[in-house]
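Enquirer: Handing you a structure now.
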Amino acid sequence: MTADNLVLIANAGGVGRTVLERLRAQDVPVRVMVRRDDDRATALRALGAEVAVGDLTRPESVDAALEGVRRMYFAMPVSPDHLLAATVTATVARGHAGLDGLVDMSQMTVSQMTATSTAESYQQRLHWLAEQVLDWSGLPVVHMRPTSFLDNPLFTTLAARSIRENGTIALPFGTGRTSPVAVADVARVVATVLRDPAPHVGHVYELTGPRTVGIAEMAEEFSRALGRPVSYADVPLDRWLTEVLAAVGLPPHAEQHIATMARLHRENRYDRASDDVERVTGVPAQGIEAFVAAHKDLYLG
């Protein structure tokens, strides 16, 4: 697949797959990088994407995947290899003339970090460092810094379980406020930038829901969306870590990241709101009530 506007999506997870669907709906040619040529790769081909098998930490893989590409979406799942992948991508991409834009999926926490801050997770530190590397590369970079996702298990599967069991959202966030954003809204911003990167190069977009809420307010929005009472149960952080998070069985790196996100929520580090979703796309970000109403079956079973 070759075209003047060929896009490489380096991770077709939640955001990446939605970006792919939006771009293909507008007939934008897309190549997707995958680790294995399996059923998931077959499904991506069925969406109209070209598939390149490779690994973001291997320069030869990135070099082959970038052949003929004009725009790239760089993202990874939570991984201790994030900085290595960003460094490989930046190094290889510098050798490919004609790259119009590289969209980097970062995290909102980076906005409050410094070179010496220590309160954040190891994953958040990798995002901060990766942004430095991509900026130093001189590539036409656009950084996306979403807050926590509405689609995150914290607000979906875990919330659904406690809502069914006892009508509560059980989280250790205390009185901290948050502004979760839907994957669909983040993907909408990314797709908009990839279609025409030039006006966005050098920008940092902080992507949040329309307003910040405490979890008690969030529970009220759940109540309205689901048509049943939902309240907030503030769980002590230590108990939540040992009884809930540890039971999920995440790899240590991912578990440490989620544990830190919970602590930072309790410390009110997620009390931030931005209108960047609307500014870039012309459409406001989806609110919590609308998101929950659209996923009612998930929460009520």
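In the structure tokens, chains take letters A, B, ... by order of appearance, with residues numbered from 1 within each chain and ligands from 1 in the order shown.
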Give me the residues within 9 Å of Arg188 of chain A as a ChimeraX atom specification, counting only C-alpha atoms and dropping any in the same chain fewer than 4 places off.
Expert: /A:15,18-19,22,183-184,192-193,277,280-281
Enquirer: For segment 173-281 of chain A versus segment 26-30 of chain A, which residues have an atom no more than 12 Å away, and what is each residue's nearest atom pair and distance in Å rounded to one decimal, using only C-alpha atoms, chain-then-number order, as JSON lines?
Expert:
{"residue": "A:Ala191", "atom": "CA", "partner": "A:Val28", "partner_atom": "CA", "distance": 10.1}
{"residue": "A:Thr192", "atom": "CA", "partner": "A:Gln26", "partner_atom": "CA", "distance": 11.0}
{"residue": "A:Leu194", "atom": "CA", "partner": "A:Val28", "partner_atom": "CA", "distance": 9.6}
{"residue": "A:Arg195", "atom": "CA", "partner": "A:Val28", "partner_atom": "CA", "distance": 7.8}
{"residue": "A:Asp196", "atom": "CA", "partner": "A:Val28", "partner_atom": "CA", "distance": 11.2}
Enquirer: Let me make sure I understand: among A:Val235, A:Ile163, A:Leu171, A:Leu264, which one has the smallest atom-to-atom distance to Leu298 of chain A if we use only C-alpha atoms?
Expert: A:Ile163
Enquirer: Which residue is closest to Ala130 of chain A? Choose from A:Met76, A:Ile169, A:Leu20, A:Ala182 and count only C-alpha atoms.
Expert: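 Using only C-alpha atoms, Ala130 of chain A sits closest to A:Met76.
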Enquirer: So which one's closest to Phe149 of chain A, A:Asp234, A:Asp185, A:Glu165, A:Glu131? Using only C-alpha atoms, please.
Expert: A:Asp185
Enquirer: Atom CA of Thr57 of chain A to atom CA of Asp81 of chain A: how many Å, to one decimal?
Expert: 7.4 Å
Enquirer: Between A:Thr178, A:Asn11, A:Gln107, A:Thr168, which is the closest to Met72 of chain A once you count only C-alpha atoms?
Expert: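 Comparing A:Thr178, A:Asn11, A:Gln107, A:Thr168 against Met72 of chain A, the winner is A:Asn11.
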Enquirer: Which residues are near segment 214-216 of chain A? Cut-off 10 Å, only C-alpha atoms, ignore same chain within fewer than 2 positions. Put them as a ChimeraX atom specification.
Expert: /A:168-179,212,218-222,230-234,265,268,271
Enquirer: Give me a file of those residues, with C-alpha atoms, as a PDB file, in the first residue's frame.
Expert:
ATOM      1  CA  THR A 168     -21.260   1.394  44.711  1.00  0.00           C
ATOM      2  CA  ILE A 169     -18.215   2.604  42.836  1.00  0.00           C
ATOM      3  CA  ALA A 170     -15.474   1.382  45.174  1.00  0.00           C
ATOM      4  CA  LEU A 171     -12.223   3.275  44.623  1.00  0.00           C
ATOM      5  CA  PRO A 172      -9.438   4.644  46.850  1.00  0.00           C
ATOM      6  CA  PHE A 173      -9.571   8.197  45.459  1.00  0.00           C
ATOM      7  CA  GLY A 174     -10.719   9.977  48.630  1.00  0.00           C
ATOM      8  CA  THR A 175     -11.945  13.481  47.787  1.00  0.00           C
ATOM      9  CA  GLY A 176      -9.682  13.750  44.744  1.00  0.00           C
ATOM     10  CA  ARG A 177     -11.233  15.021  41.533  1.00  0.00           C
ATOM     11  CA  THR A 178     -10.685  13.622  38.063  1.00  0.00           C
ATOM     12  CA  SER A 179     -11.629  14.283  34.430  1.00  0.00           C
ATOM     13  CA  THR A 212     -13.519  17.544  36.684  1.00  0.00           C
ATOM     14  CA  MET A 218     -19.277  10.588  39.209  1.00  0.00           C
ATOM     15  CA  ALA A 219     -21.524   8.130  41.074  1.00  0.00           C
ATOM     16  CA  GLU A 220     -24.443  10.554  40.628  1.00  0.00           C
ATOM     17  CA  GLU A 221     -23.827  10.575  36.874  1.00  0.00           C
ATOM     18  CA  PHE A 222     -23.747   6.758  36.904  1.00  0.00           C
ATOM     19  CA  VAL A 230     -25.065   4.310  42.720  1.00  0.00           C
ATOM     20  CA  SER A 231     -22.917   5.777  45.490  1.00  0.00           C
ATOM     21  CA  TYR A 232     -19.183   6.177  46.085  1.00  0.00           C
ATOM     22  CA  ALA A 233     -17.474   3.866  48.548  1.00  0.00           C
ATOM     23  CA  ASP A 234     -14.074   5.329  49.460  1.00  0.00           C
ATOM     24  CA  HIS A 265      -5.901  10.533  42.215  1.00  0.00           C
ATOM     25  CA  ASN A 268      -5.768  15.332  43.586  1.00  0.00           C
ATOM     26  CA  ASP A 271      -7.983  17.634  38.960  1.00  0.00           C
TER      27      ASP A 271
END
Enquirer: Could you list, as a CSV table (one decimal) with N, CA and C atoms, in the first residue's frame, every residue within 8 Å of segment 258-263 of chain A, counting only C-alpha atoms and ignoring same-chain residues fewer than 4 positions away?
Expert:
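Done, and the output landed in out.csv:
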chain,number,residue,atom,x,y,z
A,120,GLU,N,5.9,10.1,40.7
A,120,GLU,CA,5.1,9.4,39.6
A,120,GLU,C,5.6,8.0,39.5
A,121,SER,N,4.8,7.2,38.7
A,121,SER,CA,5.2,5.8,38.4
A,121,SER,C,6.4,5.7,37.5
A,172,PRO,N,-10.2,4.0,45.7
A,172,PRO,CA,-9.4,4.6,46.9
A,172,PRO,C,-9.0,6.1,46.6
A,173,PHE,N,-9.9,6.9,45.9
A,173,PHE,CA,-9.6,8.2,45.5
A,173,PHE,C,-9.8,9.3,46.5
A,237,LEU,N,-6.6,3.1,50.6
A,237,LEU,CA,-5.7,2.8,49.5
A,237,LEU,C,-5.0,1.5,49.8
A,241,LEU,N,-5.2,-1.8,47.3
A,241,LEU,CA,-4.1,-2.4,46.6
A,241,LEU,C,-3.9,-3.9,46.9
A,245,LEU,N,-6.4,-4.7,43.6
A,245,LEU,CA,-5.4,-4.6,42.5
A,245,LEU,C,-4.6,-5.8,42.4
A,254,ALA,N,3.2,-2.9,35.4
A,254,ALA,CA,1.8,-2.3,35.2
A,254,ALA,C,1.1,-2.1,36.5
A,267,GLU,N,-4.4,12.1,45.8
A,267,GLU,CA,-3.6,13.4,46.1
A,267,GLU,C,-4.1,14.5,45.2
Enquirer: Using DSSP secondary structure from the backbone, list all helix (DSSP H, G or I) positions within segment 115-207 of chain A, as a ChimeraX atom specification.
Expert: /A:122-136,157-166,183-195,198-200
Enquirer: For Asp297 of chain A, find every residue with an atom within 12 Å (counting only C-alpha atoms), except residues of its own chain fewer than 2 positions away, and show them as an MDAnalysis selection string.
Expert: chainID A and resid 156:157 160 164 225:226 291:295 299:301
Enquirer: So that I have them on file, write out the residues from the current selection with N, CA, C and O atoms, as a CSV table (one decimal), in the first residue's frame.
Expert:
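Output contents, as saved in part_5.csv:
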chain,number,residue,atom,x,y,z
A,156,THR,N,-14.8,0.9,34.4
A,156,THR,CA,-15.7,0.0,33.6
A,156,THR,C,-15.8,-1.3,34.4
A,156,THR,O,-16.8,-1.5,35.1
A,157,THR,N,-14.9,-2.3,34.1
A,157,THR,CA,-15.2,-3.6,34.7
A,157,THR,C,-15.2,-3.7,36.2
A,157,THR,O,-16.0,-4.4,36.8
A,160,ALA,N,-18.3,-1.9,37.3
A,160,ALA,CA,-19.5,-2.7,37.0
A,160,ALA,C,-19.6,-3.8,38.1
A,160,ALA,O,-20.8,-4.1,38.5
A,164,ARG,N,-22.9,-4.0,40.6
A,164,ARG,CA,-23.8,-5.1,40.6
A,164,ARG,C,-23.9,-5.7,42.0
A,164,ARG,O,-25.0,-6.2,42.5
A,225,ALA,N,-27.5,7.7,34.5
A,225,ALA,CA,-27.3,6.9,33.3
A,225,ALA,C,-27.9,5.5,33.4
A,225,ALA,O,-28.5,5.0,32.4
A,226,LEU,N,-27.8,4.9,34.6
A,226,LEU,CA,-28.2,3.5,34.7
A,226,LEU,C,-29.6,3.4,35.3
A,226,LEU,O,-30.2,2.3,35.3
A,291,PHE,N,-21.3,8.5,28.4
A,291,PHE,CA,-20.5,7.3,28.2
A,291,PHE,C,-21.2,6.1,28.9
A,291,PHE,O,-21.3,5.0,28.3
A,292,VAL,N,-21.6,6.3,30.2
A,292,VAL,CA,-22.1,5.1,30.9
A,292,VAL,C,-23.5,4.7,30.2
A,292,VAL,O,-23.7,3.5,30.1
A,293,ALA,N,-24.3,5.7,29.8
A,293,ALA,CA,-25.6,5.3,29.2
A,293,ALA,C,-25.3,4.5,27.9
A,293,ALA,O,-26.1,3.6,27.6
A,294,ALA,N,-24.3,4.8,27.2
A,294,ALA,CA,-24.0,4.1,25.9
A,294,ALA,C,-23.4,2.7,26.2
A,294,ALA,O,-23.4,1.9,25.3
A,295,HIS,N,-23.0,2.4,27.4
A,295,HIS,CA,-22.4,1.1,27.8
A,295,HIS,C,-23.2,0.5,28.9
A,295,HIS,O,-22.7,-0.3,29.7
A,299,TYR,N,-22.5,-2.4,32.5
A,299,TYR,CA,-22.6,-2.1,34.0
A,299,TYR,C,-23.7,-3.0,34.6
A,299,TYR,O,-23.6,-3.3,35.8
A,300,LEU,N,-24.8,-3.2,33.9
A,300,LEU,CA,-25.9,-3.9,34.5
A,300,LEU,C,-26.0,-5.4,34.1
A,300,LEU,O,-26.7,-6.1,34.7
A,301,GLY,N,-25.2,-5.8,33.1
A,301,GLY,CA,-25.2,-7.2,32.7
A,301,GLY,C,-26.4,-7.6,31.9
A,301,GLY,O,-27.3,-6.9,31.6
Enquirer: So which one's closest to Leu23 of chain A, A:Val190, A:Gln286, A:Gly101, A:Pro251? Using only C-alpha atoms, please.
Expert: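 Distance minimum relative to Leu23 of chain A lands on A:Val190.
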Enquirer: Enumerate as an MDAnalysis selection string all residues of segment 13-136 of chain A assigned to strand (DSSP E or B) by DSSP on the backbone, naming them with the chain letters and numbers the document uses.
Expert: chainID A and resid 30:34 50:53 71:74 101:105
